[in-house]
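The structure file input_19.cif is reproduced below (mmCIF, C-alpha atoms and all ligand atoms).
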data_target
#
loop_
_atom_site.label_atom_id
_atom_site.label_comp_id
_atom_site.auth_asym_id
_atom_site.auth_seq_id
_atom_site.Cartn_x
_atom_site.Cartn_y
_atom_site.Cartn_z
CA MET Z 1 7.30 -19.23 -15.70
CA VAL Z 2 6.22 -15.65 -16.19
CA PHE Z 3 2.97 -14.39 -14.69
CA VAL Z 4 0.57 -12.88 -17.23
CA LEU Z 5 -2.20 -10.36 -16.60
CA ASP Z 6 -4.85 -9.21 -19.04
CA ARG Z 7 -5.41 -5.56 -19.91
CA HIS Z 8 -7.65 -5.11 -16.89
CA LYS Z 9 -4.94 -6.63 -14.64
CA LYS Z 10 -6.91 -9.85 -14.21
CA PRO Z 11 -4.78 -13.02 -14.01
CA LEU Z 12 -4.29 -15.30 -17.03
CA MET Z 13 -2.31 -18.55 -17.25
CA PRO Z 14 1.46 -18.04 -16.77
CA CYS Z 15 3.60 -18.40 -19.91
CA THR Z 16 7.17 -19.41 -20.65
CA PRO Z 17 9.92 -16.74 -20.56
CA ARG Z 18 10.41 -17.34 -24.29
CA ARG Z 19 6.82 -16.47 -25.09
CA ALA Z 20 6.96 -13.48 -22.75
CA ARG Z 21 10.03 -12.15 -24.61
CA LEU Z 22 8.17 -12.54 -27.90
CA LEU Z 23 5.08 -10.72 -26.61
CA LEU Z 24 7.23 -7.88 -25.27
CA ALA Z 25 9.22 -7.61 -28.51
CA ARG Z 26 6.01 -7.39 -30.55
CA LYS Z 27 4.76 -4.71 -28.15
CA ARG Z 28 1.71 -6.82 -27.31
CA ALA Z 29 2.65 -6.71 -23.64
CA VAL Z 30 4.31 -4.46 -21.09
CA VAL Z 31 6.35 -5.32 -18.01
CA HIS Z 32 4.07 -5.17 -14.98
CA ARG Z 33 6.54 -6.25 -12.32
CA LEU Z 34 10.14 -7.45 -12.18
CA SER Z 35 10.18 -9.96 -9.29
CA PRO Z 36 8.46 -12.32 -9.78
CA PHE Z 37 8.47 -11.34 -13.45
CA THR Z 38 4.96 -10.39 -14.57
CA ILE Z 39 3.77 -9.02 -17.90
CA ARG Z 40 0.50 -7.42 -18.84
CA LEU Z 41 -1.11 -8.03 -22.22
CA LYS Z 42 -2.39 -4.90 -23.89
CA ASP Z 43 -4.84 -6.55 -26.29
CA ARG Z 44 -6.38 -9.43 -24.37
CA SER Z 45 -8.99 -9.69 -21.67
CA VAL Z 46 -9.70 -12.67 -19.44
CA GLN Z 47 -12.94 -13.50 -21.31
CA GLN Z 48 -10.94 -14.23 -24.47
CA SER Z 49 -8.63 -16.70 -22.74
CA THR Z 50 -8.96 -20.25 -21.49
CA LEU Z 51 -7.92 -20.68 -17.88
CA GLN Z 52 -6.85 -23.91 -16.25
CA PRO Z 53 -7.20 -24.58 -12.52
CA VAL Z 54 -4.16 -23.55 -10.49
CA ALA Z 55 -3.55 -24.61 -6.88
CA LEU Z 56 -1.41 -22.83 -4.34
CA LYS Z 57 0.43 -25.36 -2.18
CA ILE Z 58 2.09 -24.41 1.07
CA ASP Z 59 4.54 -26.20 3.34
CA PRO Z 60 4.86 -23.91 6.38
CA GLY Z 61 8.17 -23.92 8.23
CA ALA Z 62 9.68 -22.11 11.18
CA LYS Z 63 12.37 -20.32 9.17
CA THR Z 64 11.38 -21.03 5.59
CA THR Z 65 8.01 -21.72 4.01
CA GLY Z 66 7.81 -23.60 0.73
CA LEU Z 67 5.35 -22.23 -1.83
CA ALA Z 68 4.34 -23.90 -5.07
CA LEU Z 69 1.84 -23.01 -7.77
CA ALA Z 70 0.68 -26.05 -9.70
CA ARG Z 71 -1.53 -26.52 -12.71
CA VAL Z 72 -3.98 -29.27 -11.85
CA GLU Z 73 -4.51 -31.90 -14.51
CA GLU Z 74 -7.24 -34.49 -13.98
CA THR Z 75 -6.24 -37.99 -15.10
CA SER Z 76 -7.84 -41.41 -14.65
CA GLU Z 77 -5.50 -42.19 -11.72
CA GLY Z 78 -6.11 -38.86 -10.01
CA GLU Z 79 -4.67 -35.38 -10.13
CA VAL Z 80 -1.28 -34.67 -11.66
CA HIS Z 81 0.24 -31.38 -10.53
CA HIS Z 82 2.50 -29.52 -12.95
CA ALA Z 83 4.75 -26.95 -11.29
CA LEU Z 84 4.22 -23.41 -12.60
CA HIS Z 85 6.17 -21.54 -9.96
CA LEU Z 86 8.26 -22.59 -6.96
CA ALA Z 87 9.36 -20.31 -4.16
CA GLU Z 88 11.01 -20.45 -0.76
CA LEU Z 89 9.91 -17.71 1.58
CA SER Z 90 12.37 -16.91 4.39
CA HIS Z 91 10.78 -15.37 7.46
CA ARG Z 92 12.29 -12.84 9.83
CA GLY Z 93 11.10 -14.37 13.11
CA GLU Z 94 14.44 -14.05 14.93
CA GLU Z 95 14.94 -10.51 13.74
CA VAL Z 96 11.50 -9.43 14.97
CA ARG Z 97 12.21 -10.96 18.38
CA ASP Z 98 15.63 -9.29 18.66
CA GLN Z 99 14.24 -5.88 17.74
CA LEU Z 100 11.45 -6.17 20.31
CA ARG Z 101 13.90 -7.25 23.00
CA LYS Z 102 16.08 -4.26 22.18
CA ARG Z 103 13.11 -1.91 22.43
CA ALA Z 104 12.12 -3.41 25.79
CA GLY Z 105 15.69 -2.78 26.97
CA TYR Z 106 15.56 0.91 26.03
CA ARG Z 107 12.21 1.31 27.77
CA ARG Z 108 13.42 -0.48 30.88
CA ARG Z 109 16.37 1.90 31.07
CA ARG Z 110 14.04 4.85 31.40
CA ARG Z 111 12.81 3.46 34.71
CA SER Z 112 16.23 3.50 36.36
CA THR Z 113 17.93 6.38 34.60
CA ASN Z 114 18.08 9.93 35.95
CA LEU Z 115 14.92 11.19 34.31
CA ARG Z 116 11.59 12.43 35.59
CA TYR Z 117 9.80 9.98 37.89
CA ARG Z 118 7.85 7.33 36.04
CA PRO Z 119 5.59 5.25 38.24
CA ALA Z 120 5.84 1.52 37.74
CA ARG Z 121 3.02 0.04 35.73
CA PHE Z 122 1.95 -3.52 36.26
CA LEU Z 123 -0.34 -5.88 34.46
CA ASN Z 124 -1.36 -3.18 32.04
CA ARG Z 125 -1.10 -5.34 28.96
CA ARG Z 126 -4.14 -6.84 27.37
CA ARG Z 127 -4.00 -9.51 24.72
CA ALA Z 128 -6.81 -9.95 22.24
CA PRO Z 129 -8.07 -13.49 21.71
CA GLY Z 130 -6.03 -15.22 19.02
CA TRP Z 131 -2.94 -13.25 19.97
CA LEU Z 132 0.33 -14.75 18.75
CA PRO Z 133 3.89 -13.69 19.51
CA PRO Z 134 4.98 -11.03 16.99
CA SER Z 135 7.60 -13.31 15.42
CA LEU Z 136 4.93 -15.93 14.66
CA ARG Z 137 2.45 -13.25 13.58
CA SER Z 138 5.06 -12.01 11.12
CA ARG Z 139 5.40 -15.52 9.65
CA ILE Z 140 1.66 -15.88 9.16
CA ASP Z 141 1.38 -12.40 7.66
CA ASN Z 142 4.19 -13.23 5.21
CA VAL Z 143 2.37 -16.31 3.91
CA LEU Z 144 -0.99 -14.57 3.80
CA SER Z 145 0.52 -11.66 1.92
CA TRP Z 146 1.94 -14.06 -0.70
CA GLY Z 147 -1.39 -15.85 -0.92
CA ARG Z 148 -3.01 -12.53 -1.80
CA ARG Z 149 -0.32 -11.72 -4.35
CA TYR Z 150 -0.60 -15.07 -6.12
CA GLN Z 151 -4.36 -14.59 -6.18
CA ARG Z 152 -3.75 -11.39 -8.16
CA TRP Z 153 -1.27 -12.98 -10.57
CA VAL Z 154 -2.64 -16.47 -11.36
CA PRO Z 155 -6.15 -17.95 -11.64
CA LEU Z 156 -6.08 -19.70 -8.24
CA VAL Z 157 -8.90 -22.10 -7.51
CA ARG Z 158 -7.77 -23.60 -4.22
CA ILE Z 159 -5.12 -23.77 -1.53
CA ALA Z 160 -3.51 -26.89 -0.06
CA VAL Z 161 -1.58 -26.59 3.20
CA GLU Z 162 0.49 -29.08 5.14
CA ARG Z 163 -1.14 -28.43 8.49
CA VAL Z 164 0.07 -31.24 10.71
CA LYS Z 165 3.28 -33.25 10.88
CA PHE Z 166 1.36 -36.50 10.74
CA ASP Z 167 -2.26 -37.56 10.44
CA THR Z 168 -3.75 -38.54 13.79
CA GLN Z 169 -6.90 -39.71 12.00
CA LEU Z 170 -4.86 -42.23 10.07
CA LEU Z 171 -3.09 -43.27 13.27
CA GLN Z 172 -6.20 -43.55 15.39
CA GLN Z 173 -4.36 -45.37 18.11
CA PRO Z 174 -0.77 -44.63 17.17
CA GLU Z 175 0.76 -46.84 19.82
CA ILE Z 176 -0.88 -49.96 18.41
CA SER Z 177 -0.86 -49.09 14.69
CA GLY Z 178 1.29 -51.40 12.64
CA VAL Z 179 3.95 -50.21 10.26
CA GLU Z 180 4.22 -51.87 6.90
CA TYR Z 181 7.03 -49.54 6.07
CA GLN Z 182 8.79 -51.75 3.53
CA ARG Z 183 5.76 -51.61 1.25
CA GLY Z 184 5.86 -47.85 1.23
CA GLU Z 185 2.18 -47.48 2.12
CA LEU Z 186 0.92 -44.08 3.19
CA ALA Z 187 0.27 -45.30 6.77
CA GLY Z 188 3.93 -46.30 7.04
CA TRP Z 189 4.99 -42.76 6.19
CA GLU Z 190 2.61 -41.33 8.75
CA VAL Z 191 4.25 -43.63 11.29
CA ARG Z 192 7.69 -42.41 10.25
CA ALA Z 193 6.59 -38.79 10.64
CA TYR Z 194 5.09 -39.69 14.01
CA LEU Z 195 8.30 -41.33 15.22
CA LEU Z 196 10.46 -38.44 14.03
CA GLU Z 197 8.33 -36.13 16.15
CA LYS Z 198 8.17 -38.49 19.10
CA PHE Z 199 11.93 -39.00 19.40
CA GLY Z 200 12.76 -35.40 18.52
CA ARG Z 201 14.63 -36.26 15.29
CA ARG Z 202 17.55 -37.90 17.06
CA CYS Z 203 18.95 -41.40 17.40
CA VAL Z 204 17.65 -42.86 20.66
CA TYR Z 205 20.97 -44.64 21.33
CA CYS Z 206 23.69 -42.10 20.49
CA GLY Z 207 21.70 -38.87 20.14
CA ARG Z 208 22.93 -38.05 16.62
CA THR Z 209 20.66 -35.70 14.69
CA ASP Z 210 22.44 -35.12 11.36
CA THR Z 211 21.89 -38.53 9.80
CA PRO Z 212 19.27 -40.48 7.86
CA PHE Z 213 17.25 -42.48 10.39
CA GLU Z 214 16.18 -46.09 10.40
CA LEU Z 215 13.27 -47.63 12.22
CA ASP Z 216 14.64 -49.89 14.93
CA HIS Z 217 12.66 -52.70 16.56
CA ILE Z 218 13.23 -52.40 20.30
CA GLN Z 219 12.40 -56.10 20.70
CA PRO Z 220 13.89 -57.51 17.47
CA ARG Z 221 11.57 -59.06 14.88
CA SER Z 222 13.58 -62.28 15.00
CA ARG Z 223 12.75 -62.61 18.69
CA GLY Z 224 9.03 -62.02 18.39
CA GLY Z 225 9.06 -58.23 18.40
CA SER Z 226 6.02 -56.69 16.68
CA ASN Z 227 5.73 -54.04 13.98
CA ARG Z 228 3.68 -51.85 16.29
CA VAL Z 229 4.71 -48.27 16.84
CA SER Z 230 5.25 -48.93 20.55
CA ASN Z 231 8.01 -51.36 19.57
CA LEU Z 232 9.70 -48.92 17.19
CA ALA Z 233 12.42 -46.38 17.87
CA LEU Z 234 14.42 -44.01 15.74
CA SER Z 235 18.04 -45.02 15.25
CA CYS Z 236 21.02 -44.10 13.10
CA HIS Z 237 22.45 -46.77 10.79
CA THR Z 238 25.55 -47.39 12.96
CA CYS Z 239 23.59 -47.99 16.17
CA ASN Z 240 20.96 -50.09 14.41
CA ALA Z 241 23.66 -52.35 12.96
CA ALA Z 242 25.61 -52.50 16.24
CA LYS Z 243 22.48 -53.44 18.20
CA GLY Z 244 21.89 -56.44 15.95
CA GLU Z 245 19.71 -59.13 17.52
CA ARG Z 246 19.75 -57.58 21.00
CA THR Z 247 16.86 -55.75 22.65
CA ALA Z 248 17.27 -52.11 23.59
CA ALA Z 249 17.79 -53.09 27.24
CA GLU Z 250 20.48 -55.65 26.32
CA PHE Z 251 22.10 -52.96 24.15
CA GLY Z 252 22.41 -50.84 27.32
CA HIS Z 253 19.41 -48.56 26.84
CA PRO Z 254 16.57 -49.82 29.08
CA GLU Z 255 14.90 -46.36 29.04
CA VAL Z 256 14.06 -46.60 25.32
CA ALA Z 257 11.33 -49.23 25.74
CA ALA Z 258 9.52 -47.09 28.32
CA GLN Z 259 9.88 -44.00 26.12
CA ALA Z 260 8.42 -45.83 23.12
CA LYS Z 261 5.37 -46.99 25.10
CA GLN Z 262 4.52 -43.42 26.07
CA PRO Z 263 2.07 -41.84 23.65
CA LEU Z 264 3.00 -38.49 22.15
CA ARG Z 265 0.87 -35.75 23.60
CA ASP Z 266 -1.48 -34.08 21.13
CA THR Z 267 -0.17 -30.65 21.93
CA ALA Z 268 3.27 -31.68 20.83
CA ALA Z 269 1.96 -33.10 17.60
CA VAL Z 270 0.16 -30.07 16.30
CA ASN Z 271 1.57 -26.69 15.75
CA ALA Z 272 -0.50 -23.72 16.89
CA THR Z 273 0.97 -21.48 14.22
CA ARG Z 274 -0.12 -23.79 11.44
CA TYR Z 275 -3.69 -23.77 12.73
CA ALA Z 276 -3.65 -19.98 12.95
CA LEU Z 277 -2.22 -19.86 9.41
CA CYS Z 278 -5.08 -22.00 8.07
CA ASP Z 279 -7.63 -19.76 9.78
CA GLU Z 280 -6.08 -16.69 8.16
CA LEU Z 281 -5.83 -18.34 4.74
CA ARG Z 282 -9.58 -18.97 4.83
CA THR Z 283 -10.03 -15.19 4.53
CA LEU Z 284 -8.79 -15.49 0.91
CA ASP Z 285 -12.17 -17.05 0.02
CA LEU Z 286 -10.69 -20.06 -1.71
CA PRO Z 287 -11.38 -23.71 -0.87
CA LEU Z 288 -8.71 -24.81 1.60
CA THR Z 289 -7.56 -28.40 2.08
CA THR Z 290 -5.18 -29.45 4.83
CA TRP Z 291 -2.79 -32.39 4.78
CA SER Z 292 -0.19 -34.13 6.87
CA GLY Z 293 3.59 -34.13 6.63
CA GLY Z 294 3.55 -37.92 6.44
CA ARG Z 295 1.68 -37.70 3.15
CA THR Z 296 4.13 -35.12 1.81
CA ARG Z 297 7.05 -37.42 2.64
CA TRP Z 298 5.24 -40.37 1.08
CA ASN Z 299 4.58 -38.44 -2.14
CA ARG Z 300 8.18 -37.26 -2.27
CA ALA Z 301 9.45 -40.83 -1.90
CA ARG Z 302 6.98 -42.23 -4.47
CA PHE Z 303 7.90 -39.68 -7.16
CA SER Z 304 11.60 -39.55 -6.10
CA ILE Z 305 11.59 -35.79 -5.62
CA PRO Z 306 14.61 -34.27 -3.81
CA LYS Z 307 13.97 -32.52 -0.53
CA THR Z 308 13.72 -28.74 -0.72
CA HIS Z 309 11.15 -26.47 0.88
CA ALA Z 310 9.57 -25.57 -2.47
CA LEU Z 311 9.38 -29.18 -3.72
CA ASP Z 312 7.95 -30.27 -0.36
CA ALA Z 313 5.19 -27.75 -0.97
CA LEU Z 314 4.58 -29.22 -4.44
CA CYS Z 315 4.25 -32.71 -2.88
CA VAL Z 316 1.60 -31.63 -0.34
CA GLY Z 317 -1.79 -33.30 -0.66
CA GLU Z 318 -3.43 -36.12 -2.55
CA VAL Z 319 -1.79 -36.37 -5.97
CA ALA Z 320 -1.25 -39.11 -8.52
CA GLY Z 321 1.90 -37.45 -9.80
CA VAL Z 322 3.91 -34.25 -9.83
CA LYS Z 323 5.84 -32.78 -12.75
CA VAL Z 324 8.61 -30.39 -11.79
CA GLY Z 325 10.05 -29.57 -15.22
CA ALA Z 326 13.11 -27.33 -15.37
CA HIS Z 327 11.97 -24.96 -12.67
CA GLN Z 328 14.21 -22.93 -10.41
CA ALA Z 329 12.84 -21.78 -7.10
CA LEU Z 330 12.54 -18.10 -6.34
CA ALA Z 331 14.11 -17.24 -2.99
CA ILE Z 332 11.93 -14.64 -1.28
CA THR Z 333 13.35 -13.09 1.88
CA ALA Z 334 11.18 -11.02 4.17
CA THR Z 335 13.05 -7.79 4.89
CA GLY Z 336 10.41 -5.66 6.53
CA ARG Z 337 9.69 -2.09 5.51
CA GLY Z 338 12.12 -0.17 7.65
CA ARG Z 339 12.34 0.31 11.39
CA TYR Z 340 10.16 1.90 14.01
CA SER Z 341 13.17 3.19 15.92
CA ARG Z 342 14.19 6.69 14.81
CA THR Z 343 17.58 6.79 16.54
CA ASN Z 344 20.73 4.79 15.97
CA VAL Z 345 22.83 3.98 19.03
CA ASP Z 346 26.47 3.04 19.53
CA GLU Z 347 27.68 -0.04 21.45
CA SER Z 348 27.12 1.72 24.80
CA GLY Z 349 23.57 2.68 23.93
CA PHE Z 350 24.20 6.39 23.33
CA PRO Z 351 22.37 7.97 20.41
CA VAL Z 352 24.39 8.50 17.23
CA GLY Z 353 22.87 10.97 14.80
CA SER Z 354 19.21 10.51 13.99
CA LEU Z 355 17.27 9.01 11.15
CA MET Z 356 15.10 10.98 8.77
CA ARG Z 357 11.50 11.69 9.63
CA ARG Z 358 10.51 11.22 6.01
CA LYS Z 359 10.94 7.87 4.32
CA GLN Z 360 11.15 9.24 0.78
CA VAL Z 361 13.71 11.45 -0.87
CA LEU Z 362 12.60 12.75 -4.29
CA GLY Z 363 10.02 9.96 -4.44
CA ILE Z 364 12.54 7.20 -3.77
CA LYS Z 365 12.70 5.20 -0.54
CA THR Z 366 15.19 2.77 0.93
CA GLY Z 367 14.68 -0.71 -0.49
CA ASP Z 368 13.38 0.42 -3.89
CA ARG Z 369 15.00 -1.38 -6.79
CA VAL Z 370 16.65 1.34 -8.82
CA ARG Z 371 18.73 1.76 -11.95
CA ALA Z 372 21.19 4.66 -11.61
CA MET Z 373 22.98 5.84 -14.74
CA VAL Z 374 25.60 8.23 -13.42
CA PRO Z 375 27.50 10.16 -16.14
CA GLU Z 376 31.25 10.73 -16.16
CA GLY Z 377 32.63 13.34 -13.82
CA PHE Z 378 30.89 11.92 -10.75
CA ALA Z 379 32.60 9.75 -8.16
CA ALA Z 380 29.92 7.07 -8.60
CA GLN Z 381 30.01 7.12 -12.42
CA GLY Z 382 28.63 4.11 -14.29
CA THR Z 383 25.40 2.15 -14.33
CA HIS Z 384 24.25 0.63 -11.05
CA THR Z 385 21.20 -1.59 -10.58
CA GLY Z 386 19.98 -2.80 -7.21
CA ARG Z 387 18.38 -1.85 -3.96
CA ILE Z 388 18.98 1.73 -2.91
CA ALA Z 389 19.49 3.28 0.53
CA VAL Z 390 18.33 6.91 0.50
CA ARG Z 391 20.08 9.80 2.25
CA ALA Z 392 18.64 13.22 3.16
CA ASN Z 393 21.47 14.93 1.23
CA LYS Z 394 20.10 13.40 -2.01
CA HIS Z 395 23.23 11.31 -2.53
CA PHE Z 396 22.25 7.67 -2.15
CA ARG Z 397 24.09 4.45 -1.47
CA MET Z 398 23.78 1.18 -3.36
CA GLY Z 399 25.77 -1.69 -1.85
CA LYS Z 400 29.30 -0.35 -1.48
CA VAL Z 401 28.82 2.51 -3.93
CA GLN Z 402 28.31 5.81 -2.10
CA GLY Z 403 27.22 9.21 -3.41
CA ILE Z 404 24.83 8.27 -6.20
CA PRO Z 405 22.99 11.52 -7.04
CA ALA Z 406 19.23 11.04 -6.69
CA ARG Z 407 18.50 12.73 -10.01
CA PHE Z 408 20.11 9.89 -11.99
CA CYS Z 409 18.02 7.20 -10.29
CA ARG Z 410 15.05 5.53 -11.94
CA VAL Z 411 12.83 3.24 -9.86
CA LEU Z 412 12.37 -0.22 -11.42
CA GLN Z 413 10.33 -1.79 -8.61
CA LEU Z 414 9.04 -0.32 -5.39
CA ALA Z 415 10.19 -1.79 -2.10
CA ASP Z 416 7.54 -4.30 -1.04
CA GLY Z 417 9.09 -5.73 2.11
CA TYR Z 418 10.79 -8.64 0.34
CA ASP Z 419 14.10 -9.35 -1.36
CA TYR Z 420 14.37 -11.74 -4.29
CA ALA Z 421 16.97 -14.11 -5.68
CA VAL Z 422 16.89 -17.29 -7.74
CA VAL Z 423 17.87 -20.43 -5.86
CA ALA Z 424 20.93 -21.64 -7.77
CA THR Z 425 20.25 -25.39 -7.67
CA THR Z 426 18.65 -26.65 -10.85
CA LEU Z 427 15.84 -29.06 -10.21
CA GLN Z 428 15.11 -32.07 -12.33
CA GLY Z 429 12.31 -34.55 -12.57
ZN ZN Z 501 22.96 -43.75 16.86
#
Would you write the structure of this file as structure tokens?
Amino acid sequence: MVFVLDRHKKPLMPCTPRRARLLLARKRAVVHRLSPFTIRLKDRSVQQSTLQPVALKIDPGAKTTGLALARVEETSEGEVHHALHLAELSHRGEEVRDQLRKRAGYRRRRRSTNLRYRPARFLNRRRAPGWLPPSLRSRIDNVLSWGRRYQRWVPLVRIAVERVKFDTQLLQQPEISGVEYQRGELAGWEVRAYLLEKFGRRCVYCGRTDTPFELDHIQPRSRGGSNRVSNLALSCHTCNAAKGERTAAEFGHPEVAAQAKQPLRDTAAVNATRYALCDELRTLDLPLTTWSGGRTRWNRARFSIPKTHALDALCVGEVAGVKVGAHQALAITATGRGRYSRTNVDESGFPVGSLMRRKQVLGIKTGDRVRAMVPEGFAAQGTHTGRIAVRANKHFRMGKVQGIPARFCRVLQLADGYDYAVVATTLQG
């Protein structure tokens, strides 16, 4: 879908690419933004249009966060969510951590190196309440930043976030809750999510992690074992079949029964980052609802939706149905906006050259999406489109092409701290 703004840059309902092409060809609209593609109507204001409610749905993850925009349709059974836009936002947590570690290393060196005396400083760091490690802060800021953007591009009415892995309210006393998992009830899926977390997503017998799991009765059903969570363990298919009618102890794993009886600590069940994310999202002034991962998994199973980050986001919350259509997810990668360090170093840590003080050269900065039409007679002749790396000598680099004269470059989209690509897999459903 293509985002549509009115002539005052207020959001309207997104339209199909086909309709957007038509509007552009008839000169009724102009291109507002390339990624995600957004057009602006020249002759329409928001008062002249009918808007439908759009929800932003978020499935936060450590490396990738799923984002989905859905048009909400009220039916007699409940809400049906039609996908308008799917995206997978890749965070740069690791990168932030590595950069900070590197900086700490440089600073530490100054204490031992042959420089002027620097007295040691201890306990001189103060952390504000609500402080989070910079890598987590970066993740939250990424999601918040996209929340703000979507608010500018579509008529958002609410946000739904998967806040917890499973619903502790639904599992008031998890260790004695029953699991009617064959019937596919919501509670059963909460139990599954609970067990995945409890046993760390690995088979309790062989320790395999890369396999679909089955729920194994520690004391088999045929020998009076109950359906309670405290009698359930996570097992791979091979181990479950091999165990057969034996108890876990008879199968050679007496520790499993004790492990299953131990309740999962609350702190392990909830994720501090997700709570912080919800607090920040409330600043967008939209109604916020929070849901559990068990419900997401249940929805995905009920509507037979394949597992991707973006589709997980679409399945968050209480819905009677989801319609995916022929959508492709937009892959958004956080790239940052350049580095704080102004010196490059070689492998031994010695400075090599120095970076520019200014970020812009002739109004262009590294990361801008640029079209360069270089005429014949230049080494870099031809048309090049992509992200540019600027050089002080006014001859830029794009990918492997060096020496693109700045005067032939036209900026298509300013660097905004993110890189974009379309996820190749076609989704159906
Ligand atoms: Zn196993």
Exercise for review: Select all residues near (21.6, 17.4, 2.5) (cut-off 12 Å, inclusive, file coordinates), counting all atoms listed in the file, and output them as an MDAnalysis selection string.
Suggested key: chainID Z and resid 356 361 390:396 403 405:406
Practice item. Return the single residue from Z:Asp368, Z:Glu77, Z:Glu214, Z:Glu88 that is closest to Thr333 (chain Z), with distances computed using all atoms listed in the file. Key: Z:Glu88
Counting only C-alpha atoms, what is within 10 Å of Arg148 (chain Z), bar same-chain residues fewer than 5 positions away, as a short mmCIF file (atom, residue, chain, number, x, y, z; two decimals) with C-alpha atoms, in the coordinates of the input?
data_model
loop_
_atom_site.label_atom_id
_atom_site.label_comp_id
_atom_site.auth_asym_id
_atom_site.auth_seq_id
_atom_site.Cartn_x
_atom_site.Cartn_y
_atom_site.Cartn_z
CA VAL Z 143 2.37 -16.31 3.91
CA TRP Z 153 -1.27 -12.98 -10.57
CA LEU Z 281 -5.83 -18.34 4.74
CA THR Z 283 -10.03 -15.19 4.53
CA LEU Z 284 -8.79 -15.49 0.91
#
Point to revise | Residues within 9 Å of (-1.6, -8.7, -23.0), file coords, only C-alpha atoms, listed as a PyMOL selection string | key: chain Z and resi 4-7+23+28-30+39-45
Based on the selection just made, write C-alpha atoms of those residues as a compact mmCIF listing (two decimals), keeping the file's coordinate frame.
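The new file out-v4.txt reads:
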# COMPACT_ATOMS: atom_id res chain seq x y z
CA VAL Z 4 0.57 -12.88 -17.23
CA LEU Z 5 -2.20 -10.36 -16.60
CA ASP Z 6 -4.85 -9.21 -19.04
CA ARG Z 7 -5.41 -5.56 -19.91
CA LEU Z 23 5.08 -10.72 -26.61
CA ARG Z 28 1.71 -6.82 -27.31
CA ALA Z 29 2.65 -6.71 -23.64
CA VAL Z 30 4.31 -4.46 -21.09
CA ILE Z 39 3.77 -9.02 -17.90
CA ARG Z 40 0.50 -7.42 -18.84
CA LEU Z 41 -1.11 -8.03 -22.22
CA LYS Z 42 -2.39 -4.90 -23.89
CA ASP Z 43 -4.84 -6.55 -26.29
CA ARG Z 44 -6.38 -9.43 -24.37
CA SER Z 45 -8.99 -9.69 -21.67
Check your understanding: Within 7 Å of ligand ZN 501 (chain Z), counting all atoms listed in the file: which residues, as a VMD selection string?
Key -> chain Z and resid 203 to 208 235 to 239
Would you mind exporting the chosen residues as a PDB file, in the frame of the given file, restricted to C-alpha atoms?
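Saved result, part21.pdb, follows:
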ATOM      1  CA  CYS Z 203      18.950 -41.400  17.400  1.00  0.00           C
ATOM      2  CA  VAL Z 204      17.650 -42.860  20.660  1.00  0.00           C
ATOM      3  CA  TYR Z 205      20.970 -44.640  21.330  1.00  0.00           C
ATOM      4  CA  CYS Z 206      23.690 -42.100  20.490  1.00  0.00           C
ATOM      5  CA  GLY Z 207      21.700 -38.870  20.140  1.00  0.00           C
ATOM      6  CA  ARG Z 208      22.930 -38.050  16.620  1.00  0.00           C
ATOM      7  CA  SER Z 235      18.040 -45.020  15.250  1.00  0.00           C
ATOM      8  CA  CYS Z 236      21.020 -44.100  13.100  1.00  0.00           C
ATOM      9  CA  HIS Z 237      22.450 -46.770  10.790  1.00  0.00           C
ATOM     10  CA  THR Z 238      25.550 -47.390  12.960  1.00  0.00           C
ATOM     11  CA  CYS Z 239      23.590 -47.990  16.170  1.00  0.00           C
TER      12      CYS Z 239
END
Practice item. For Leu132 (chain Z), work out the shell of residues within 9 Å, counting all atoms listed in the file and skipping chain neighbours fewer than 5 positions away, then give it as a PyMOL selection string. Key: chain Z and resi 137+273+276
Review point. What is the CA of Lys57 (chain Z)-CA of Ala160 (chain Z) distance in Å, reported with one decimal?
Key: 4.7 Å
Study note, to complete from the structure: Counting all atoms listed in the file, the residue among Z:Gly78, Z:Gly386, Z:Pro134, Z:Gly294 that lies closest to Val96 (chain Z) is Z:Pro134
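The closest residue to Ala187 (chain Z), picked from Z:Gly293, Z:Thr209, Z:Ser145, Z:Leu84 and counting all atoms listed in the file, is Z:Gly293.
Residues in contact with Leu34 (chain Z) at up to 10 Å, not including ones fewer than 5 positions away on its chain and judged by only C-alpha atoms, are Val2, Ile39, Arg369, Leu412, Gln413, Leu414 and Tyr420 of chain Z.
If all atoms listed in the file are the atoms counted, then among Z:Asn142, Z:Gln360, Z:Thr75, Z:Thr290 the closest residue to Val316 (chain Z) is Z:Thr290.
Of the listed residues Z:Ala258, Z:Val154, Z:Ala320, Z:Ala87, the one whose atoms come nearest to Gly66 (chain Z) is Z:Ala87, with distances taken using all atoms listed in the file.
Taking CA of Glu347 (chain Z) and CA of Ser90 (chain Z) as endpoints, the distance between them is 28.5 Å.
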Practice item. Go ahead and compute the interatomic distance for CA of Ile218 (chain Z) and CA of Asn299 (chain Z), in Å to one decimal. Key: 27.8 Å
Check your understanding: Restricting the calculation to all atoms listed in the file, which member of Z:Cys15, Z:Val191, Z:Gly252, Z:Ile159 is positioned closest to Leu144 (chain Z)?
Key ->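 Of all the options, Z:Ile159 lies closest to Leu144 (chain Z).
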Check your understanding: Contacts of Pro60 (chain Z) at 10 Å or less, counting all atoms listed in the file, minus same-chain residues fewer than 2 places along, as a PyMOL selection string?
Key -> chain Z and resi 57-58+62-67+89+139-140+143+161-164+273-274+277+309+312-313
